[in-house]
Amino acid sequence: MTQLIDGFQRKIDYLRLSVTDRCDFRCVYCMSENPTFLPKSHVLSLEELSWIAQAFTELGVKKIRLTGGEPLVRTDCDKLVKLLKQLPGLEELSMTTNGSRLSKLAQPLFENGLNRLNISLDTLNPDVFAQLTRNGKLDRVIAGIDAAIAAGFHNIKINAVILRGQNDHEVLDLVEFCRQRQLDIAFIEEMPIGYMDERQRKRHCSSDEVRRIIETRYPLIASTKRTGGPSRYVKMADSSIRIGFISPHSHDFCHECNRVRVTVEGQLLLCLGNENSIDLKAIVREFPADIERLKRAITDGMQHKPQSHDFNIDNGTQILRFMNATGG
């Protein structure tokens, strides 16, 4: 089988596939307060998403994560899960979600073959939650997490973006929440995606700071387990859950990057921290039955994948597209 190898001899076997730029939240680190969303004609159809995913699996991709925006605002997302699970060679199909619609959709997603869920949860305080999401309801998300557990999902992971002066005092509360429900958790450094002003730069909280907070209560033990993503995991002696740190600023992971992203507009993003991309939608729509042409474009594009990103909160380096338009 053909394998995707970039110009630095990294094997690419992980695709993050965005299904929508829309979301029912307006998280402060993900989008502007009054976002502009894509017109429907710019958005890949279910069949186009599946076709692109097939090209990647035929090129050796073994893991696909569905992202957004919020993927579950797209009403046909469970149908996409069912289509993708039929792709030969795909070993894991996962999803990143804000959890707000899982009370209704966790069971059908599980039954259609979704393997894993990453659920965003930055705070356990309803008022802080409303502030960070600009309109979200914490109780809906917690109900969604419990629905996912009840549906049969294992290895659920909570994603938490920690911001200085806003939710950094809740690090231990989030760890306790996950210990009680046997959920893994990953603490994520905020990424400079979209416009960042000086106030936003000052809220940056590093993985090392988060780790020191946790170690005031729990000594942490290194874990050798990996999930194929950027998290670096540790364990606690008295719990089976893992704590991960995603550290694009303080401890970058570019040397072993194995993933690319496709936006809901069909742009193949070769690095989260760079603007270079390849228009797969144009190929899919002009040559809708020519998967070999699509695969050639993907393979050729790997040679443009940069060696590393350039995230630096102290200078003017910024990616001006917001995360909801990028895919998580």
# chains A, B, ... in the order shown; residues from 1 in each chain; ligands from 1

$ select_by_dssp --residues "stretch 141-227 of chain A" --states "helix (DSSP H, G or I)" --output "ChimeraX atom specification"
/A:141-151,168-181,198-202,207-215

$ residues_around --residues "stretch 234-242 of chain A" --least-positions-apart "5" --cutoff "10 Å" --atoms "only C-alpha atoms" --output "PyMOL selection string"
chain A and resi 155+157+175+178-186+211+215+218-225

$ write_last_selection --atoms "N, CA and C atoms" --output "PDB file, in the first residue's frame"
ATOM      1  N   ASN A 155     -12.624   5.017  26.962  1.00  0.00           N
ATOM      2  CA  ASN A 155     -11.494   5.902  26.650  1.00  0.00           C
ATOM      3  C   ASN A 155     -11.953   7.296  26.214  1.00  0.00           C
ATOM      4  N   LYS A 157     -12.044  11.144  26.419  1.00  0.00           N
ATOM      5  CA  LYS A 157     -11.056  12.105  26.903  1.00  0.00           C
ATOM      6  C   LYS A 157     -11.675  13.490  26.978  1.00  0.00           C
ATOM      7  N   VAL A 175      -9.489  17.616  37.281  1.00  0.00           N
ATOM      8  CA  VAL A 175      -8.875  16.306  37.503  1.00  0.00           C
ATOM      9  C   VAL A 175      -9.792  15.432  38.354  1.00  0.00           C
ATOM     10  N   CYS A 178     -12.733  14.045  36.430  1.00  0.00           N
ATOM     11  CA  CYS A 178     -12.353  12.932  35.559  1.00  0.00           C
ATOM     12  C   CYS A 178     -12.029  11.673  36.356  1.00  0.00           C
ATOM     13  N   ARG A 179     -11.438  11.836  37.513  1.00  0.00           N
ATOM     14  CA  ARG A 179     -11.194  10.662  38.369  1.00  0.00           C
ATOM     15  C   ARG A 179     -12.505   9.987  38.750  1.00  0.00           C
ATOM     16  N   GLN A 180     -13.491  10.783  39.091  1.00  0.00           N
ATOM     17  CA  GLN A 180     -14.783  10.218  39.506  1.00  0.00           C
ATOM     18  C   GLN A 180     -15.469   9.442  38.385  1.00  0.00           C
ATOM     19  N   ARG A 181     -15.314   9.897  37.147  1.00  0.00           N
ATOM     20  CA  ARG A 181     -16.000   9.268  36.016  1.00  0.00           C
ATOM     21  C   ARG A 181     -15.086   8.378  35.190  1.00  0.00           C
ATOM     22  N   GLN A 182     -13.844   8.215  35.607  1.00  0.00           N
ATOM     23  CA  GLN A 182     -12.863   7.389  34.880  1.00  0.00           C
ATOM     24  C   GLN A 182     -12.663   7.881  33.449  1.00  0.00           C
ATOM     25  N   LEU A 183     -12.388   9.169  33.327  1.00  0.00           N
ATOM     26  CA  LEU A 183     -12.145   9.796  32.037  1.00  0.00           C
ATOM     27  C   LEU A 183     -10.709  10.301  31.985  1.00  0.00           C
ATOM     28  N   ASP A 184     -10.056  10.117  30.843  1.00  0.00           N
ATOM     29  CA  ASP A 184      -8.766  10.766  30.641  1.00  0.00           C
ATOM     30  C   ASP A 184      -8.994  12.262  30.443  1.00  0.00           C
ATOM     31  N   ILE A 185      -7.940  13.047  30.641  1.00  0.00           N
ATOM     32  CA  ILE A 185      -8.057  14.487  30.428  1.00  0.00           C
ATOM     33  C   ILE A 185      -6.768  15.004  29.802  1.00  0.00           C
ATOM     34  N   ALA A 186      -6.901  15.916  28.853  1.00  0.00           N
ATOM     35  CA  ALA A 186      -5.751  16.589  28.244  1.00  0.00           C
ATOM     36  C   ALA A 186      -5.876  18.084  28.482  1.00  0.00           C
ATOM     37  N   ARG A 211       0.929  21.400  35.216  1.00  0.00           N
ATOM     38  CA  ARG A 211       1.470  20.199  35.857  1.00  0.00           C
ATOM     39  C   ARG A 211       1.860  20.477  37.306  1.00  0.00           C
ATOM     40  N   GLU A 215       0.535  18.555  40.713  1.00  0.00           N
ATOM     41  CA  GLU A 215       1.483  17.879  41.606  1.00  0.00           C
ATOM     42  C   GLU A 215       1.418  18.388  43.040  1.00  0.00           C
ATOM     43  N   TYR A 218      -1.230  15.438  43.626  1.00  0.00           N
ATOM     44  CA  TYR A 218      -0.953  14.094  43.122  1.00  0.00           C
ATOM     45  C   TYR A 218       0.430  14.038  42.488  1.00  0.00           C
ATOM     46  N   PRO A 219       1.337  13.225  43.018  1.00  0.00           N
ATOM     47  CA  PRO A 219       2.589  12.978  42.298  1.00  0.00           C
ATOM     48  C   PRO A 219       2.279  12.324  40.953  1.00  0.00           C
ATOM     49  N   LEU A 220       2.947  12.760  39.899  1.00  0.00           N
ATOM     50  CA  LEU A 220       2.664  12.280  38.550  1.00  0.00           C
ATOM     51  C   LEU A 220       3.770  11.341  38.087  1.00  0.00           C
ATOM     52  N   ILE A 221       3.347  10.286  37.397  1.00  0.00           N
ATOM     53  CA  ILE A 221       4.252   9.247  36.924  1.00  0.00           C
ATOM     54  C   ILE A 221       4.207   9.249  35.398  1.00  0.00           C
ATOM     55  N   ALA A 222       5.365   9.167  34.769  1.00  0.00           N
ATOM     56  CA  ALA A 222       5.400   9.153  33.304  1.00  0.00           C
ATOM     57  C   ALA A 222       4.661   7.940  32.763  1.00  0.00           C
ATOM     58  N   SER A 223       3.960   8.122  31.646  1.00  0.00           N
ATOM     59  CA  SER A 223       3.253   7.035  30.978  1.00  0.00           C
ATOM     60  C   SER A 223       3.837   6.854  29.588  1.00  0.00           C
ATOM     61  N   THR A 224       4.034   5.603  29.199  1.00  0.00           N
ATOM     62  CA  THR A 224       4.569   5.321  27.865  1.00  0.00           C
ATOM     63  C   THR A 224       3.464   5.200  26.825  1.00  0.00           C
ATOM     64  N   LYS A 225       2.205   5.188  27.270  1.00  0.00           N
ATOM     65  CA  LYS A 225       1.096   4.998  26.329  1.00  0.00           C
ATOM     66  C   LYS A 225       0.929   6.228  25.454  1.00  0.00           C
TER      67      LYS A 225
END

$ atom_distance --atom1 "atom CA of A:Glu70" --atom2 "atom CA of A:Leu17"
11.9 Å

$ residues_around --residues "A:Asn125" --least-positions-apart "6" --cutoff "10 Å" --atoms "only C-alpha atoms" --output "PyMOL selection string"
chain A and resi 131+138-139+167+170+173

$ write_last_selection --atoms "N, CA, C and O atoms" --output "mmCIF file, in the first residue's frame"
data_model
loop_
_atom_site.group_PDB
_atom_site.id
_atom_site.type_symbol
_atom_site.label_atom_id
_atom_site.label_comp_id
_atom_site.auth_asym_id
_atom_site.auth_seq_id
_atom_site.Cartn_x
_atom_site.Cartn_y
_atom_site.Cartn_z
ATOM 1 N N GLN A 131 -19.321 32.374 30.334
ATOM 2 C CA GLN A 131 -18.402 33.430 29.897
ATOM 3 C C GLN A 131 -17.452 32.923 28.819
ATOM 4 O O GLN A 131 -17.253 33.588 27.792
ATOM 5 N N LEU A 138 -23.571 24.623 30.942
ATOM 6 C CA LEU A 138 -22.723 23.580 31.492
ATOM 7 C C LEU A 138 -23.496 22.292 31.752
ATOM 8 O O LEU A 138 -22.986 21.199 31.491
ATOM 9 N N ASP A 139 -24.719 22.403 32.240
ATOM 10 C CA ASP A 139 -25.459 21.190 32.586
ATOM 11 C C ASP A 139 -25.726 20.313 31.369
ATOM 12 O O ASP A 139 -25.759 19.085 31.464
ATOM 13 N N ASN A 167 -9.681 30.267 34.304
ATOM 14 C CA ASN A 167 -10.054 28.942 34.817
ATOM 15 C C ASN A 167 -8.852 28.170 35.359
ATOM 16 O O ASN A 167 -8.969 26.976 35.642
ATOM 17 N N GLU A 170 -9.171 26.046 38.467
ATOM 18 C CA GLU A 170 -10.025 24.854 38.421
ATOM 19 C C GLU A 170 -9.301 23.604 37.945
ATOM 20 O O GLU A 170 -9.945 22.570 37.718
ATOM 21 N N ASP A 173 -10.006 20.702 40.189
ATOM 22 C CA ASP A 173 -11.421 20.325 40.113
ATOM 23 C C ASP A 173 -11.687 19.485 38.875
ATOM 24 O O ASP A 173 -12.454 18.504 38.916
#

$ closest_residue --among "A:Thr2, A:Gln307, A:Ser103, A:Gln267" --to "A:Phe56" --atoms "only C-alpha atoms"
A:Thr2

$ closest_residue --among "A:His42, A:Arg16, A:Arg212, A:Lys62" --to "A:Val171" --atoms "only C-alpha atoms"
A:Arg212

$ closest_residue --among "A:Asp24, A:Glu176, A:Asp78, A:Glu91" --to "A:Asn112" --atoms "only C-alpha atoms"
A:Asp78

$ closest_residue --among "A:Lys11, A:Leu93, A:Pro306, A:Asp122" --to "A:Thr67" --atoms "only C-alpha atoms"
A:Leu93

$ select_by_dssp --residues "stretch 76-306 of chain A" --states "strand (DSSP E or B)" --output "PDB file with N, CA, C and O atoms, in the first residue's frame"
ATOM      1  N   GLU A  92      -9.372   3.495  13.433  1.00  0.00           N
ATOM      2  CA  GLU A  92     -10.033   4.249  14.496  1.00  0.00           C
ATOM      3  C   GLU A  92     -10.740   5.466  13.917  1.00  0.00           C
ATOM      4  O   GLU A  92     -10.162   6.222  13.143  1.00  0.00           O
ATOM      5  N   LEU A  93     -11.996   5.623  14.306  1.00  0.00           N
ATOM      6  CA  LEU A  93     -12.787   6.792  13.935  1.00  0.00           C
ATOM      7  C   LEU A  93     -13.237   7.466  15.224  1.00  0.00           C
ATOM      8  O   LEU A  93     -13.956   6.868  16.036  1.00  0.00           O
ATOM      9  N   SER A  94     -12.799   8.701  15.427  1.00  0.00           N
ATOM     10  CA  SER A  94     -13.116   9.419  16.654  1.00  0.00           C
ATOM     11  C   SER A  94     -13.728  10.770  16.327  1.00  0.00           C
ATOM     12  O   SER A  94     -13.847  11.147  15.158  1.00  0.00           O
ATOM     13  N   MET A  95     -14.114  11.500  17.356  1.00  0.00           N
ATOM     14  CA  MET A  95     -14.757  12.800  17.164  1.00  0.00           C
ATOM     15  C   MET A  95     -14.401  13.712  18.326  1.00  0.00           C
ATOM     16  O   MET A  95     -14.346  13.284  19.485  1.00  0.00           O
ATOM     17  N   THR A  96     -14.166  14.985  17.999  1.00  0.00           N
ATOM     18  CA  THR A  96     -14.057  16.024  19.018  1.00  0.00           C
ATOM     19  C   THR A  96     -15.357  16.813  19.033  1.00  0.00           C
ATOM     20  O   THR A  96     -15.818  17.279  17.990  1.00  0.00           O
ATOM     21  N   THR A  97     -15.969  16.961  20.203  1.00  0.00           N
ATOM     22  CA  THR A  97     -17.269  17.603  20.328  1.00  0.00           C
ATOM     23  C   THR A  97     -17.324  18.446  21.588  1.00  0.00           C
ATOM     24  O   THR A  97     -16.586  18.186  22.546  1.00  0.00           O
ATOM     25  N   ARG A 116     -14.272   6.596  19.529  1.00  0.00           N
ATOM     26  CA  ARG A 116     -13.826   7.383  20.672  1.00  0.00           C
ATOM     27  C   ARG A 116     -14.379   8.790  20.597  1.00  0.00           C
ATOM     28  O   ARG A 116     -14.657   9.307  19.526  1.00  0.00           O
ATOM     29  N   LEU A 117     -14.490   9.428  21.769  1.00  0.00           N
ATOM     30  CA  LEU A 117     -14.932  10.810  21.871  1.00  0.00           C
ATOM     31  C   LEU A 117     -13.918  11.625  22.655  1.00  0.00           C
ATOM     32  O   LEU A 117     -13.445  11.193  23.712  1.00  0.00           O
ATOM     33  N   ASN A 118     -13.593  12.796  22.131  1.00  0.00           N
ATOM     34  CA  ASN A 118     -12.909  13.840  22.892  1.00  0.00           C
ATOM     35  C   ASN A 118     -13.933  14.940  23.145  1.00  0.00           C
ATOM     36  O   ASN A 118     -14.527  15.458  22.190  1.00  0.00           O
ATOM     37  N   ILE A 119     -14.144  15.289  24.406  1.00  0.00           N
ATOM     38  CA  ILE A 119     -15.196  16.243  24.764  1.00  0.00           C
ATOM     39  C   ILE A 119     -14.562  17.450  25.436  1.00  0.00           C
ATOM     40  O   ILE A 119     -13.805  17.314  26.407  1.00  0.00           O
ATOM     41  N   SER A 120     -14.857  18.628  24.934  1.00  0.00           N
ATOM     42  CA  SER A 120     -14.278  19.856  25.477  1.00  0.00           C
ATOM     43  C   SER A 120     -15.005  20.274  26.749  1.00  0.00           C
ATOM     44  O   SER A 120     -16.232  20.353  26.775  1.00  0.00           O
ATOM     45  N   LYS A 157     -12.044  11.144  26.419  1.00  0.00           N
ATOM     46  CA  LYS A 157     -11.056  12.105  26.903  1.00  0.00           C
ATOM     47  C   LYS A 157     -11.675  13.490  26.978  1.00  0.00           C
ATOM     48  O   LYS A 157     -12.355  13.924  26.049  1.00  0.00           O
ATOM     49  N   ILE A 158     -11.440  14.158  28.088  1.00  0.00           N
ATOM     50  CA  ILE A 158     -11.843  15.557  28.252  1.00  0.00           C
ATOM     51  C   ILE A 158     -10.698  16.446  27.787  1.00  0.00           C
ATOM     52  O   ILE A 158      -9.536  16.215  28.127  1.00  0.00           O
ATOM     53  N   ASN A 159     -11.026  17.450  26.989  1.00  0.00           N
ATOM     54  CA  ASN A 159     -10.045  18.460  26.573  1.00  0.00           C
ATOM     55  C   ASN A 159     -10.319  19.750  27.325  1.00  0.00           C
ATOM     56  O   ASN A 159     -11.452  20.249  27.304  1.00  0.00           O
ATOM     57  N   ALA A 160      -9.302  20.313  27.956  1.00  0.00           N
ATOM     58  CA  ALA A 160      -9.462  21.549  28.712  1.00  0.00           C
ATOM     59  C   ALA A 160      -8.390  22.547  28.308  1.00  0.00           C
ATOM     60  O   ALA A 160      -7.189  22.257  28.433  1.00  0.00           O
ATOM     61  N   VAL A 161      -8.804  23.708  27.818  1.00  0.00           N
ATOM     62  CA  VAL A 161      -7.888  24.809  27.533  1.00  0.00           C
ATOM     63  C   VAL A 161      -7.827  25.675  28.792  1.00  0.00           C
ATOM     64  O   VAL A 161      -8.858  26.176  29.260  1.00  0.00           O
ATOM     65  N   LEU A 163      -6.698  28.958  30.821  1.00  0.00           N
ATOM     66  CA  LEU A 163      -6.392  30.366  30.599  1.00  0.00           C
ATOM     67  C   LEU A 163      -6.111  31.041  31.943  1.00  0.00           C
ATOM     68  O   LEU A 163      -6.922  30.951  32.877  1.00  0.00           O
ATOM     69  N   ASP A 184     -10.056  10.117  30.843  1.00  0.00           N
ATOM     70  CA  ASP A 184      -8.766  10.766  30.641  1.00  0.00           C
ATOM     71  C   ASP A 184      -8.994  12.262  30.443  1.00  0.00           C
ATOM     72  O   ASP A 184     -10.092  12.705  30.088  1.00  0.00           O
ATOM     73  N   ILE A 185      -7.940  13.047  30.641  1.00  0.00           N
ATOM     74  CA  ILE A 185      -8.057  14.487  30.428  1.00  0.00           C
ATOM     75  C   ILE A 185      -6.768  15.004  29.802  1.00  0.00           C
ATOM     76  O   ILE A 185      -5.668  14.552  30.154  1.00  0.00           O
ATOM     77  N   ALA A 186      -6.901  15.916  28.853  1.00  0.00           N
ATOM     78  CA  ALA A 186      -5.751  16.589  28.244  1.00  0.00           C
ATOM     79  C   ALA A 186      -5.876  18.084  28.482  1.00  0.00           C
ATOM     80  O   ALA A 186      -6.909  18.688  28.180  1.00  0.00           O
ATOM     81  N   PHE A 187      -4.830  18.670  29.043  1.00  0.00           N
ATOM     82  CA  PHE A 187      -4.767  20.110  29.241  1.00  0.00           C
ATOM     83  C   PHE A 187      -4.010  20.715  28.052  1.00  0.00           C
ATOM     84  O   PHE A 187      -2.904  20.283  27.722  1.00  0.00           O
ATOM     85  N   ILE A 188      -4.619  21.726  27.430  1.00  0.00           N
ATOM     86  CA  ILE A 188      -4.129  22.253  26.159  1.00  0.00           C
ATOM     87  C   ILE A 188      -3.723  23.711  26.313  1.00  0.00           C
ATOM     88  O   ILE A 188      -4.484  24.524  26.841  1.00  0.00           O
ATOM     89  N   ILE A 193      -4.403  31.151  17.186  1.00  0.00           N
ATOM     90  CA  ILE A 193      -5.159  31.000  15.941  1.00  0.00           C
ATOM     91  C   ILE A 193      -6.262  32.044  15.969  1.00  0.00           C
ATOM     92  O   ILE A 193      -7.060  32.097  16.903  1.00  0.00           O
ATOM     93  N   HIS A 204      -2.118  33.334  28.597  1.00  0.00           N
ATOM     94  CA  HIS A 204      -1.464  32.061  28.284  1.00  0.00           C
ATOM     95  C   HIS A 204      -1.004  31.368  29.561  1.00  0.00           C
ATOM     96  O   HIS A 204      -0.381  31.971  30.439  1.00  0.00           O
ATOM     97  N   LEU A 220       2.947  12.760  39.899  1.00  0.00           N
ATOM     98  CA  LEU A 220       2.664  12.280  38.550  1.00  0.00           C
ATOM     99  C   LEU A 220       3.770  11.341  38.087  1.00  0.00           C
ATOM    100  O   LEU A 220       4.954  11.568  38.330  1.00  0.00           O
ATOM    101  N   ILE A 221       3.347  10.286  37.397  1.00  0.00           N
ATOM    102  CA  ILE A 221       4.252   9.247  36.924  1.00  0.00           C
ATOM    103  C   ILE A 221       4.207   9.249  35.398  1.00  0.00           C
ATOM    104  O   ILE A 221       3.129   9.303  34.802  1.00  0.00           O
ATOM    105  N   ALA A 222       5.365   9.167  34.769  1.00  0.00           N
ATOM    106  CA  ALA A 222       5.400   9.153  33.304  1.00  0.00           C
ATOM    107  C   ALA A 222       4.661   7.940  32.763  1.00  0.00           C
ATOM    108  O   ALA A 222       4.686   6.848  33.344  1.00  0.00           O
ATOM    109  N   ARG A 232       1.163  14.329  25.539  1.00  0.00           N
ATOM    110  CA  ARG A 232       2.165  13.599  26.325  1.00  0.00           C
ATOM    111  C   ARG A 232       1.516  13.277  27.665  1.00  0.00           C
ATOM    112  O   ARG A 232       1.068  14.175  28.381  1.00  0.00           O
ATOM    113  N   TYR A 233       1.462  11.980  28.006  1.00  0.00           N
ATOM    114  CA  TYR A 233       0.643  11.537  29.124  1.00  0.00           C
ATOM    115  C   TYR A 233       1.452  11.216  30.366  1.00  0.00           C
ATOM    116  O   TYR A 233       2.599  10.783  30.298  1.00  0.00           O
ATOM    117  N   VAL A 234       0.792  11.435  31.515  1.00  0.00           N
ATOM    118  CA  VAL A 234       1.297  10.994  32.808  1.00  0.00           C
ATOM    119  C   VAL A 234       0.159  10.277  33.533  1.00  0.00           C
ATOM    120  O   VAL A 234      -0.997  10.316  33.110  1.00  0.00           O
ATOM    121  N   LYS A 235       0.507   9.617  34.643  1.00  0.00           N
ATOM    122  CA  LYS A 235      -0.478   8.876  35.423  1.00  0.00           C
ATOM    123  C   LYS A 235      -0.383   9.296  36.886  1.00  0.00           C
ATOM    124  O   LYS A 235       0.568   9.953  37.300  1.00  0.00           O
ATOM    125  N   MET A 236      -1.387   8.862  37.650  1.00  0.00           N
ATOM    126  CA  MET A 236      -1.365   8.981  39.105  1.00  0.00           C
ATOM    127  C   MET A 236      -1.332   7.579  39.694  1.00  0.00           C
ATOM    128  O   MET A 236      -1.919   6.646  39.122  1.00  0.00           O
ATOM    129  N   SER A 239      -4.961   5.905  40.424  1.00  0.00           N
ATOM    130  CA  SER A 239      -6.046   6.020  39.449  1.00  0.00           C
ATOM    131  C   SER A 239      -5.586   5.458  38.109  1.00  0.00           C
ATOM    132  O   SER A 239      -4.399   5.542  37.759  1.00  0.00           O
ATOM    133  N   SER A 240      -6.530   4.904  37.354  1.00  0.00           N
ATOM    134  CA  SER A 240      -6.196   4.346  36.039  1.00  0.00           C
ATOM    135  C   SER A 240      -6.264   5.391  34.930  1.00  0.00           C
ATOM    136  O   SER A 240      -5.868   5.117  33.799  1.00  0.00           O
ATOM    137  N   ILE A 241      -6.776   6.594  35.234  1.00  0.00           N
ATOM    138  CA  ILE A 241      -6.910   7.587  34.175  1.00  0.00           C
ATOM    139  C   ILE A 241      -5.540   8.189  33.850  1.00  0.00           C
ATOM    140  O   ILE A 241      -4.606   8.127  34.642  1.00  0.00           O
ATOM    141  N   ARG A 242      -5.465   8.759  32.642  1.00  0.00           N
ATOM    142  CA  ARG A 242      -4.236   9.428  32.212  1.00  0.00           C
ATOM    143  C   ARG A 242      -4.493  10.931  32.097  1.00  0.00           C
ATOM    144  O   ARG A 242      -5.579  11.359  31.743  1.00  0.00           O
ATOM    145  N   ILE A 243      -3.464  11.690  32.384  1.00  0.00           N
ATOM    146  CA  ILE A 243      -3.492  13.142  32.216  1.00  0.00           C
ATOM    147  C   ILE A 243      -2.525  13.495  31.096  1.00  0.00           C
ATOM    148  O   ILE A 243      -1.347  13.113  31.137  1.00  0.00           O
ATOM    149  N   GLY A 244      -3.027  14.206  30.087  1.00  0.00           N
ATOM    150  CA  GLY A 244      -2.191  14.565  28.950  1.00  0.00           C
ATOM    151  C   GLY A 244      -1.929  16.067  28.916  1.00  0.00           C
ATOM    152  O   GLY A 244      -2.688  16.868  29.473  1.00  0.00           O
ATOM    153  N   PHE A 245      -0.842  16.424  28.251  1.00  0.00           N
ATOM    154  CA  PHE A 245      -0.494  17.826  28.042  1.00  0.00           C
ATOM    155  C   PHE A 245      -0.207  18.032  26.563  1.00  0.00           C
ATOM    156  O   PHE A 245       0.602  17.310  25.971  1.00  0.00           O
ATOM    157  N   ILE A 246      -0.915  18.990  25.972  1.00  0.00           N
ATOM    158  CA  ILE A 246      -0.678  19.365  24.576  1.00  0.00           C
ATOM    159  C   ILE A 246      -0.057  20.747  24.610  1.00  0.00           C
ATOM    160  O   ILE A 246      -0.697  21.717  25.021  1.00  0.00           O
ATOM    161  N   ARG A 259       0.051  14.014  11.224  1.00  0.00           N
ATOM    162  CA  ARG A 259      -1.329  14.340  10.892  1.00  0.00           C
ATOM    163  C   ARG A 259      -1.430  15.566   9.990  1.00  0.00           C
ATOM    164  O   ARG A 259      -0.556  16.424   9.968  1.00  0.00           O
ATOM    165  N   VAL A 260      -2.529  15.575   9.264  1.00  0.00           N
ATOM    166  CA  VAL A 260      -2.923  16.733   8.463  1.00  0.00           C
ATOM    167  C   VAL A 260      -4.408  16.962   8.703  1.00  0.00           C
ATOM    168  O   VAL A 260      -5.105  16.110   9.266  1.00  0.00           O
ATOM    169  N   ARG A 261      -4.888  18.117   8.244  1.00  0.00           N
ATOM    170  CA  ARG A 261      -6.291  18.483   8.406  1.00  0.00           C
ATOM    171  C   ARG A 261      -6.917  18.781   7.055  1.00  0.00           C
ATOM    172  O   ARG A 261      -6.252  19.312   6.169  1.00  0.00           O
ATOM    173  N   VAL A 262      -8.197  18.457   6.931  1.00  0.00           N
ATOM    174  CA  VAL A 262      -8.989  18.920   5.793  1.00  0.00           C
ATOM    175  C   VAL A 262     -10.133  19.747   6.352  1.00  0.00           C
ATOM    176  O   VAL A 262     -10.902  19.267   7.197  1.00  0.00           O
ATOM    177  N   GLN A 267     -10.005  22.377   2.028  1.00  0.00           N
ATOM    178  CA  GLN A 267      -8.604  22.784   2.005  1.00  0.00           C
ATOM    179  C   GLN A 267      -7.776  21.806   2.834  1.00  0.00           C
ATOM    180  O   GLN A 267      -8.054  21.590   4.015  1.00  0.00           O
ATOM    181  N   LEU A 268      -6.782  21.208   2.208  1.00  0.00           N
ATOM    182  CA  LEU A 268      -5.857  20.348   2.923  1.00  0.00           C
ATOM    183  C   LEU A 268      -4.830  21.225   3.617  1.00  0.00           C
ATOM    184  O   LEU A 268      -3.986  21.848   2.975  1.00  0.00           O
ATOM    185  N   LEU A 269      -4.921  21.310   4.954  1.00  0.00           N
ATOM    186  CA  LEU A 269      -3.975  22.088   5.759  1.00  0.00           C
ATOM    187  C   LEU A 269      -2.863  21.159   6.212  1.00  0.00           C
ATOM    188  O   LEU A 269      -3.121  20.166   6.904  1.00  0.00           O
ATOM    189  N   SER A 277      -1.838  25.541   1.962  1.00  0.00           N
ATOM    190  CA  SER A 277      -2.908  24.555   1.840  1.00  0.00           C
ATOM    191  C   SER A 277      -3.074  24.150   0.379  1.00  0.00           C
ATOM    192  O   SER A 277      -2.538  24.792  -0.526  1.00  0.00           O
ATOM    193  N   ILE A 278      -3.843  23.082   0.178  1.00  0.00           N
ATOM    194  CA  ILE A 278      -4.129  22.565  -1.164  1.00  0.00           C
ATOM    195  C   ILE A 278      -5.632  22.398  -1.294  1.00  0.00           C
ATOM    196  O   ILE A 278      -6.291  21.853  -0.387  1.00  0.00           O
ATOM    197  N   ASP A 279      -6.186  22.848  -2.407  1.00  0.00           N
ATOM    198  CA  ASP A 279      -7.628  22.853  -2.611  1.00  0.00           C
ATOM    199  C   ASP A 279      -8.092  21.498  -3.143  1.00  0.00           C
ATOM    200  O   ASP A 279      -8.029  21.228  -4.343  1.00  0.00           O
TER     201      ASP A 279
END

$ residues_around --residues "A:Val73" --least-positions-apart "5" --cutoff "9 Å" --atoms "only C-alpha atoms" --output "list in words"
Thr20, Arg22, Cys23, Asp24, Gly68 and Arg101 of chain A

$ atom_distance --atom1 "atom CA of A:Ile162" --atom2 "atom CA of A:Cys254"
21.5 Å

$ closest_residue --among "A:Arg65, A:Arg293, A:Arg10, A:Arg164" --to "A:Asn115" --atoms "only C-alpha atoms"
A:Arg65

$ atom_distance --atom1 "atom CA of A:Arg217" --atom2 "atom CA of A:Met191"
27.4 Å
